[in-house]
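Student: Handing you this structure, nothing more for now.
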Amino acid sequence: MKIYSTGKIRNIALLGHSGAGKTTLAETMIFESGTTHKRGSINSKNTVSDFHTIEKEKEKSVYGSVLNLDWRGTKINLLDTPGTPDFWGDVSDALHVADSALFVLNSEHGVEIGTEAFWKAAERQNLPSFLVVNKLDGEQSNFDNTVEMAKERFGRGVVVVQFPYSEGEDFHAIVDVLKMTMYEFPSDGGRPDKLPIPDSLKAKAELLHNELVETVAENDETLLDLYFEHGELDEYQMRDGLRNGMINRDIFPLFCCSAERNMGSGRIMGFIANTTPDPKERQIPLSDGNTYNIKEDGDPSLFVFRSVSEAHVGDLAYFKVMSGEVQPGMDLENKQTSDSVRLGSLFIPQGSKRIETNRVSAGDIGVAVKLKSGVSGATFAASSNGVQFEPIEYPAPTIRTGLQLKKEGEEDKLSTALHQIEKEDPSLQVEHSQELGQTILHGLGEEHLNIILHQLTDRFKLDVEFITPRIPYRETITKRTEAHYKHKKQSGGAGQFAEVYMSIEPWYEGIPQRDDLNVRNVDEIDLEWGGKLVFQWCIVGGVIDNRFMPAILKGIMDKMQNGPMSGCRVRDVRVSVYDGSMHSVDSNEAAFKTAALMAFRDGFMRASPQLLEPLYEIEVTLPAVYMGDVMSDLSSRRGQILGMDSEGSIQKIKAIVPLQELDRYTTRLKSMTQGSATYTREFHDYGPVPQDIQKRVIEETLAAEA
Ligand SMILES: Nc1nc2c(ncn2[C@@H]2O[C@H](COP(=O)(O)OP(=O)(O)O)[C@@H](O)[C@H]2O)c(=O)[nH]1
Ligand SMILES: [Mg+2]
């Protein structure tokens, strides 16, 4: 296994909307570099990157994969990613370990919504980015339109390095305005001939060349001086300028290719090797808020960005070396748990394959087997090295579903399987909700959840199904009532006696004090399930002994956990206990607890109870043409529109929508917009449920209890 120095390594994330050609481009690059001898294709289901059965079935990427190739002495690691927001988890980790991002655009469609979303993510990570316009051989190819859209969305920093000689069926040559030459390809692609730029395109090439040089010069004072002095920048000055412009995200160079016909990938690999920043140049966030640069020497440290389990092998931890050199047999410490581990065999990943290696240098990507606690986000380093890298941030879920076993008896197996899947896919959240009595999966889209179901049935052989997830409703009251309960029981020996009077009222922020009561003690309780209980002790003259106060509070809390109206949690009430009586022998804690519970229940039901439902703030991003449909659908979902915004032909809608109306929303949105829209959501607050739904929920609870 050849070992590369850090300066000779490039980690490139391939990003872009599904179907743009990322996997095909990766396949073409590996082939063109001589790393593989057969070029696979999506249609023949034999690419290096899409090796999972489900990916072959769907003919598209579902999981991220790591490939590598050698381009004239530089090692290029390609982090191929799935292009739909459903599988965003593997995009997050690729963004985290890449040194630059290559955005693949489909010249038949221009900049698509997925691409735009990933661009924003790369921007948040401050990741140097460049672009390639693919599918220039496509019938509907429109290079100029694609470039225009890219400039509109990503700014003037997008600069053309290449344009096609012709597009569509006749695509066979690319004009390069950096090298000022034309590449003409044989009909089956591969190595091009270098030709002078034809006269007919000279003026255009000159114009774009000057634009490119000026953009580079404008972003670098030294280069600007040189440019003024000589009226030109040489190839090396251009490389430096482009690299610095990329690092500062001022410049986004744009290239051309047809991945399918194997035309153009060589030049892109050359650019990656010569010009894109190496791993040492990336500012990596640390847990303590500082940043870090990869170091070639020093104590070894590594960051795990993905964890996968494979039959017959066990857990595989994908890692990037952050300093020094990592070797099998080394003792390292997990910086989160302080566990000490000894590294076993190490490998270099190539799609589904792994090649064993005896060292991995700083900046490179490797795989460790059976690395204890080697979960995604973990830092391992020599015990003397205190470094700890910031964990990867995954997007918030947009969809949820209930999950249940079709027959009982496999609960443990299910829980182990979910635990494993959650470890491998941190974008999935598994919630065992005691409140709802359901297992709820939170994911990034219907396709994402379906892949989880597929794993559970196929890989873990579990007989499971999705069910409608219950809604975590809340109960509250809308007016004040007084309640009284006397608990009295005489059964043989010792009796039970307790009597309480309480005032129950809706609580809200800034509620005035009760002047009519003699408040002796206030307990302001932040409820686990949101909202508050304010408990006031207003007993005078010792009619109820202070020692019964906790039992009374407990009685109220018990009923709040199992609301009087529908069994849902209660929130936002103020209860003032102001009178009562006790018996010197028969009064005890249990009696007061019961009395308080009964009084609370009775008062609550007379205080005009109201059911509340969770509301989410959502943001939908969609092409303007679907605006009408999406808006009217939102209003049928009881949505309250907060605002609209537009960026070119892309629209954004912000709205507050009840969770109940969002449970099938991703699917509906997809079908309404031909898959071109995305949305994000965030919990907003609880709000009152309309009376008809309240009535139905109460009836359902009563029916379930009967
Ligand atoms: N005509 C044409 N088709 C392409 C090209 N690149 C990829 N494709 C096809 O487009 C589809 C999607 O490609 P794929 O590599 O899976 O896209 P990804 O989702 O970005 O990984 C496949 O059917 C490819 O064969 C290209 O340059 N030209
Ligand atoms: Mg793909």
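Identifiers for the structure tokens are assigned positionally: chains receive A, B, ... in sequence, residues are indexed from 1 per chain, and ligands are indexed from 1 in the order shown.
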Need to verify the contact set: A:Asn142, 10 Å, only C-alpha atoms, exclusion of same-chain residues closer than 4 positions in sequence. Can you return it as a PyMOL selection string?
Tutor: chain A and resi 106-110+133+135-138+146-147+167-168
Student: Could you pull the residues within 12 Å of A:Gln660, counting only C-alpha atoms, minus those fewer than 4 positions along the same chain, as a VMD selection string?
Tutor: chain A and resid 399 to 401 468 to 473 612 to 616 637 to 639 656 664 to 665 689 693
Student: Give the residue list for ligand 2 at 6 Å, counting only C-alpha atoms and all ligand atoms, as a compact mmCIF listing (two decimals) with N, CA, C and O atoms, in the first residue's frame, sorted by chain and then by residue number.
Tutor:
```txt
# COMPACT_ATOMS: atom_id res chain seq x y z
N LYS A 22 -22.98 12.17 -9.70
CA LYS A 22 -21.85 12.09 -8.77
C LYS A 22 -21.20 10.70 -8.78
O LYS A 22 -19.98 10.57 -8.89
N THR A 23 -22.04 9.68 -8.65
CA THR A 23 -21.51 8.32 -8.58
C THR A 23 -20.84 7.94 -9.90
O THR A 23 -19.78 7.32 -9.93
N LYS A 60 -29.64 4.17 -7.37
CA LYS A 60 -29.13 5.46 -6.88
C LYS A 60 -28.49 5.29 -5.51
O LYS A 60 -28.71 4.28 -4.83
N SER A 61 -27.69 6.28 -5.12
CA SER A 61 -26.97 6.18 -3.85
C SER A 61 -27.90 6.40 -2.67
O SER A 61 -28.74 7.29 -2.69
N PRO A 82 -25.19 10.56 -1.09
CA PRO A 82 -26.51 10.46 -1.71
C PRO A 82 -27.07 11.87 -1.90
O PRO A 82 -26.76 12.77 -1.11
```
Student: Quick one: which chain A residues come within 8 Å of ligand 1, and what is the nearest atom pair for each with the distance in Å to one decimal, counting only C-alpha atoms and all ligand atoms, rows ordered by chain and ascending number, as CSV?
Tutor:
```
residue,atom,partner,partner_atom_place_in_ligand_line,distance
A:Leu15,CA,ligand 1,20 (O),7.6
A:Gly16,CA,ligand 1,20 (O),6.3
A:His17,CA,ligand 1,20 (O),6.3
A:Ser18,CA,ligand 1,19 (O),3.8
A:Gly19,CA,ligand 1,19 (O),3.5
A:Ala20,CA,ligand 1,20 (O),3.9
A:Gly21,CA,ligand 1,17 (O),3.3
A:Lys22,CA,ligand 1,20 (O),3.7
A:Thr23,CA,ligand 1,15 (O),3.7
A:Thr24,CA,ligand 1,15 (O),3.7
A:Leu25,CA,ligand 1,15 (O),6.4
A:Ala26,CA,ligand 1,15 (O),7.9
A:Ser41,CA,ligand 1,25 (O),6.2
A:Ile42,CA,ligand 1,25 (O),5.2
A:Asn43,CA,ligand 1,23 (O),5.9
A:Glu59,CA,ligand 1,16 (O),6.6
A:Lys60,CA,ligand 1,16 (O),4.9
A:Ser61,CA,ligand 1,21 (O),5.9
A:Asp80,CA,ligand 1,21 (O),7.6
A:Thr81,CA,ligand 1,21 (O),7.4
A:Pro82,CA,ligand 1,19 (O),6.3
A:Gly83,CA,ligand 1,19 (O),5.6
A:Val104,CA,ligand 1,20 (O),7.1
A:Asn134,CA,ligand 1,27 (O),5.1
A:Lys135,CA,ligand 1,27 (O),3.5
A:Leu136,CA,ligand 1,27 (O),6.3
A:Asp137,CA,ligand 1,28 (N),5.5
A:Gly138,CA,ligand 1,1 (N),4.6
A:Glu139,CA,ligand 1,1 (N),7.8
A:Cys257,CA,ligand 1,27 (O),6.6
A:Ser258,CA,ligand 1,27 (O),3.4
A:Ala259,CA,ligand 1,27 (O),3.9
A:Glu260,CA,ligand 1,26 (C),4.0
A:Arg261,CA,ligand 1,27 (O),6.2
A:Asn262,CA,ligand 1,27 (O),7.6
```
Student: A:Met1: which residues within 10 Å, counting only C-alpha atoms, same-chain residues fewer than 5 positions away excluded, as a list in words?
Tutor: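 After dropping sequence-adjacent residues, the list is Phe347, Ile348, Ile355, Glu356, Thr357, Asn358, Arg359 and Val360 of chain A.
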Student: Env of A:Glu465: 7 Å cut, atoms = only C-alpha atoms, seq-sep filter 5 positions within chain, self excluded. Answer as a list in words.
Tutor: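 So, after excluding close chain neighbours, the residues are Leu403, Gln404, Leu405 and Lys406 of chain A.
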Student: Output the selection as a compact mmCIF listing (two decimals), in the first residue's frame - C-alpha atoms for each residue.
Tutor:
```txt
# COMPACT_ATOMS: atom_id res chain seq x y z
CA LEU A 403 -43.06 1.28 14.88
CA GLN A 404 -44.37 -2.01 16.21
CA LEU A 405 -43.61 -5.69 16.13
CA LYS A 406 -46.25 -7.72 14.36
```
Student: Using only C-alpha atoms, find the one residue out of A:Asp299, A:Val175, A:Ser200, A:Val159 that sits nearest to A:Val216.
Tutor: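 Under the stated criterion, the closest residue is A:Val159.
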Student: Neighbours of A:Ala173 within 7 Å (only C-alpha atoms; same-chain residues fewer than 3 positions away dropped), as a list in words?
Tutor: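 The residues that qualify are Pro164, Tyr165, Met182, Tyr183, Glu184 and Phe185 of chain A.
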Student: Keeping only all heavy atoms, write those residues as an mmCIF file, in the first residue's frame.
Tutor:
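The result, written out as again-v8.cif:
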```cif
data_model
loop_
_atom_site.group_PDB
_atom_site.id
_atom_site.type_symbol
_atom_site.label_atom_id
_atom_site.label_comp_id
_atom_site.auth_asym_id
_atom_site.auth_seq_id
_atom_site.Cartn_x
_atom_site.Cartn_y
_atom_site.Cartn_z
ATOM 1 N N PRO A 164 -18.182 24.185 -23.002
ATOM 2 C CA PRO A 164 -18.200 23.138 -24.022
ATOM 3 C C PRO A 164 -18.102 23.734 -25.434
ATOM 4 O O PRO A 164 -18.615 24.821 -25.672
ATOM 5 C CB PRO A 164 -19.560 22.473 -23.820
ATOM 6 C CG PRO A 164 -20.413 23.505 -23.188
ATOM 7 C CD PRO A 164 -19.507 24.411 -22.398
ATOM 8 N N TYR A 165 -17.417 23.016 -26.298
ATOM 9 C CA TYR A 165 -17.345 23.420 -27.704
ATOM 10 C C TYR A 165 -18.734 23.320 -28.316
ATOM 11 O O TYR A 165 -19.181 24.190 -29.055
ATOM 12 C CB TYR A 165 -16.351 22.509 -28.427
ATOM 13 C CG TYR A 165 -16.300 22.709 -29.921
ATOM 14 C CD1 TYR A 165 -15.543 23.744 -30.468
ATOM 15 C CD2 TYR A 165 -16.996 21.848 -30.773
ATOM 16 C CE1 TYR A 165 -15.501 23.929 -31.849
ATOM 17 C CE2 TYR A 165 -16.951 22.023 -32.146
ATOM 18 C CZ TYR A 165 -16.213 23.068 -32.684
ATOM 19 O OH TYR A 165 -16.175 23.249 -34.031
ATOM 20 N N MET A 182 -7.898 23.621 -26.120
ATOM 21 C CA MET A 182 -9.143 22.868 -26.257
ATOM 22 C C MET A 182 -8.826 21.387 -26.132
ATOM 23 O O MET A 182 -7.851 20.897 -26.683
ATOM 24 C CB MET A 182 -9.806 23.151 -27.594
ATOM 25 C CG MET A 182 -11.151 22.440 -27.718
ATOM 26 S SD MET A 182 -12.156 23.045 -29.066
ATOM 27 C CE MET A 182 -11.666 21.932 -30.358
ATOM 28 N N TYR A 183 -9.665 20.681 -25.355
ATOM 29 C CA TYR A 183 -9.520 19.232 -25.228
ATOM 30 C C TYR A 183 -10.551 18.577 -26.131
ATOM 31 O O TYR A 183 -11.741 18.796 -25.967
ATOM 32 C CB TYR A 183 -9.772 18.787 -23.782
ATOM 33 C CG TYR A 183 -8.816 19.403 -22.790
ATOM 34 C CD1 TYR A 183 -9.238 20.387 -21.910
ATOM 35 C CD2 TYR A 183 -7.481 18.983 -22.735
ATOM 36 C CE1 TYR A 183 -8.356 20.952 -20.997
ATOM 37 C CE2 TYR A 183 -6.607 19.537 -21.822
ATOM 38 C CZ TYR A 183 -7.046 20.525 -20.959
ATOM 39 O OH TYR A 183 -6.172 21.081 -20.059
ATOM 40 N N GLU A 184 -10.048 17.761 -27.043
ATOM 41 C CA GLU A 184 -10.985 17.045 -27.914
ATOM 42 C C GLU A 184 -10.883 15.564 -27.605
ATOM 43 O O GLU A 184 -9.783 14.999 -27.556
ATOM 44 C CB GLU A 184 -10.665 17.296 -29.384
ATOM 45 C CG GLU A 184 -11.746 16.735 -30.282
ATOM 46 C CD GLU A 184 -11.499 17.080 -31.754
ATOM 47 O OE1 GLU A 184 -10.389 16.786 -32.243
ATOM 48 O OE2 GLU A 184 -12.395 17.646 -32.381
ATOM 49 N N PHE A 185 -12.041 14.936 -27.399
ATOM 50 C CA PHE A 185 -12.056 13.550 -26.920
ATOM 51 C C PHE A 185 -12.356 12.566 -28.037
ATOM 52 O O PHE A 185 -13.132 12.867 -28.941
ATOM 53 C CB PHE A 185 -13.119 13.390 -25.821
ATOM 54 C CG PHE A 185 -12.821 14.213 -24.601
ATOM 55 C CD1 PHE A 185 -13.274 15.528 -24.512
ATOM 56 C CD2 PHE A 185 -12.069 13.692 -23.566
ATOM 57 C CE1 PHE A 185 -12.987 16.295 -23.407
ATOM 58 C CE2 PHE A 185 -11.779 14.465 -22.444
ATOM 59 C CZ PHE A 185 -12.233 15.767 -22.368
#
```
Student: Write out as an mmCIF file with all heavy atoms, in the first residue's frame which residues come within 6 Å of stretch 604-609 of chain A when counting only C-alpha atoms, dropping same-chain ones fewer than 2 positions away.
Tutor:
```
data_model
loop_
_atom_site.group_PDB
_atom_site.id
_atom_site.type_symbol
_atom_site.label_atom_id
_atom_site.label_comp_id
_atom_site.auth_asym_id
_atom_site.auth_seq_id
_atom_site.Cartn_x
_atom_site.Cartn_y
_atom_site.Cartn_z
ATOM 1 N N THR A 476 -54.989 21.518 29.543
ATOM 2 C CA THR A 476 -54.893 22.657 30.452
ATOM 3 C C THR A 476 -56.310 23.154 30.741
ATOM 4 O O THR A 476 -57.281 22.548 30.292
ATOM 5 C CB THR A 476 -53.980 23.763 29.880
ATOM 6 O OG1 THR A 476 -53.655 24.666 30.936
ATOM 7 C CG2 THR A 476 -54.649 24.529 28.746
ATOM 8 N N ILE A 477 -56.426 24.249 31.506
ATOM 9 C CA ILE A 477 -57.751 24.783 31.818
ATOM 10 C C ILE A 477 -57.832 26.223 31.363
ATOM 11 O O ILE A 477 -56.806 26.871 31.141
ATOM 12 C CB ILE A 477 -58.038 24.710 33.335
ATOM 13 C CG1 ILE A 477 -56.834 25.242 34.110
ATOM 14 C CG2 ILE A 477 -58.391 23.288 33.748
ATOM 15 C CD1 ILE A 477 -57.059 25.357 35.595
ATOM 16 N N THR A 478 -59.053 26.732 31.252
ATOM 17 C CA THR A 478 -59.199 28.099 30.750
ATOM 18 C C THR A 478 -59.884 29.024 31.750
ATOM 19 O O THR A 478 -60.019 30.202 31.511
ATOM 20 C CB THR A 478 -59.988 28.112 29.425
ATOM 21 O OG1 THR A 478 -61.236 27.459 29.648
ATOM 22 C CG2 THR A 478 -59.233 27.384 28.328
ATOM 23 N N LYS A 479 -60.382 28.482 32.871
ATOM 24 C CA LYS A 479 -60.927 29.396 33.889
ATOM 25 C C LYS A 479 -60.654 28.871 35.299
ATOM 26 O O LYS A 479 -60.214 27.738 35.466
ATOM 27 C CB LYS A 479 -62.419 29.623 33.655
ATOM 28 C CG LYS A 479 -63.276 28.399 33.867
ATOM 29 C CD LYS A 479 -64.749 28.773 33.785
ATOM 30 C CE LYS A 479 -65.570 27.794 34.612
ATOM 31 N NZ LYS A 479 -66.900 27.548 34.053
ATOM 32 N N ARG A 480 -60.946 29.734 36.266
ATOM 33 C CA ARG A 480 -60.640 29.399 37.648
ATOM 34 C C ARG A 480 -61.819 28.669 38.305
ATOM 35 O O ARG A 480 -62.961 29.016 38.059
ATOM 36 C CB ARG A 480 -60.357 30.708 38.376
ATOM 37 C CG ARG A 480 -60.071 30.546 39.832
ATOM 38 C CD ARG A 480 -59.549 31.885 40.349
ATOM 39 N NE ARG A 480 -60.045 32.165 41.682
ATOM 40 C CZ ARG A 480 -59.863 33.331 42.284
ATOM 41 N NH1 ARG A 480 -59.231 34.321 41.660
ATOM 42 N NH2 ARG A 480 -60.318 33.522 43.501
ATOM 43 N N THR A 481 -61.481 27.652 39.109
ATOM 44 C CA THR A 481 -62.539 26.998 39.889
ATOM 45 C C THR A 481 -62.013 26.713 41.296
ATOM 46 O O THR A 481 -60.802 26.674 41.530
ATOM 47 C CB THR A 481 -62.956 25.622 39.329
ATOM 48 O OG1 THR A 481 -61.794 24.826 39.150
ATOM 49 C CG2 THR A 481 -63.747 25.743 38.060
ATOM 50 N N PHE A 600 -58.380 17.853 42.777
ATOM 51 C CA PHE A 600 -57.789 18.419 41.555
ATOM 52 C C PHE A 600 -58.557 17.942 40.321
ATOM 53 O O PHE A 600 -58.900 18.713 39.435
ATOM 54 C CB PHE A 600 -56.312 18.018 41.463
ATOM 55 C CG PHE A 600 -55.630 18.544 40.232
ATOM 56 C CD1 PHE A 600 -55.273 19.888 40.133
ATOM 57 C CD2 PHE A 600 -55.362 17.698 39.158
ATOM 58 C CE1 PHE A 600 -54.655 20.380 38.991
ATOM 59 C CE2 PHE A 600 -54.741 18.184 38.020
ATOM 60 C CZ PHE A 600 -54.391 19.526 37.937
ATOM 61 N N ARG A 601 -58.854 16.658 40.301
ATOM 62 C CA ARG A 601 -59.546 16.099 39.147
ATOM 63 C C ARG A 601 -60.917 16.754 38.965
ATOM 64 O O ARG A 601 -61.278 17.173 37.875
ATOM 65 C CB ARG A 601 -59.713 14.591 39.310
ATOM 66 C CG ARG A 601 -60.448 13.980 38.121
ATOM 67 C CD ARG A 601 -60.395 12.502 38.109
ATOM 68 N NE ARG A 601 -61.397 11.957 39.018
ATOM 69 C CZ ARG A 601 -61.653 10.657 39.123
ATOM 70 N NH1 ARG A 601 -60.961 9.791 38.414
ATOM 71 N NH2 ARG A 601 -62.572 10.230 39.942
ATOM 72 N N ASP A 602 -61.612 16.867 40.066
ATOM 73 C CA ASP A 602 -62.961 17.438 40.016
ATOM 74 C C ASP A 602 -62.910 18.906 39.570
ATOM 75 O O ASP A 602 -63.632 19.327 38.674
ATOM 76 C CB ASP A 602 -63.595 17.291 41.404
ATOM 77 C CG ASP A 602 -64.858 18.110 41.509
ATOM 78 O OD1 ASP A 602 -65.760 17.867 40.689
ATOM 79 O OD2 ASP A 602 -64.921 19.019 42.383
#
```
Student: Between A:Leu102, A:Ala203, A:Ala624, A:Val543, which residue has the minimum interatomic distance to A:His583, considering only C-alpha atoms?
Tutor: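 When distances to A:His583 are compared using only C-alpha atoms, the smallest one comes from A:Val543.
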Student: I need the residue nearest A:Arg156 from this list: A:Val540, A:Pro253, A:Leu79, A:Pro128. Use only C-alpha atoms for the distance.
Tutor: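 Under the stated criterion, the closest residue is A:Pro253.
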Student: For stretch 286-297 of chain A, work out the shell of residues within 12 Å, counting only C-alpha atoms and skipping chain neighbours fewer than 4 positions away, then give it as a PyMOL selection string.
Tutor: chain A and resi 4-9+97+99+278-282+301-303+320-326+335-336+360-364+377-379+386-392
Student: Write out as number ranges by chain all residues of stretch 500-652 of chain A that DSSP puts in strand (DSSP E) for this structure's backbone.
Tutor: A: 500-506, 521-526, 532-537, 569-570, 573-581, 609-623, 640-647, 650-652
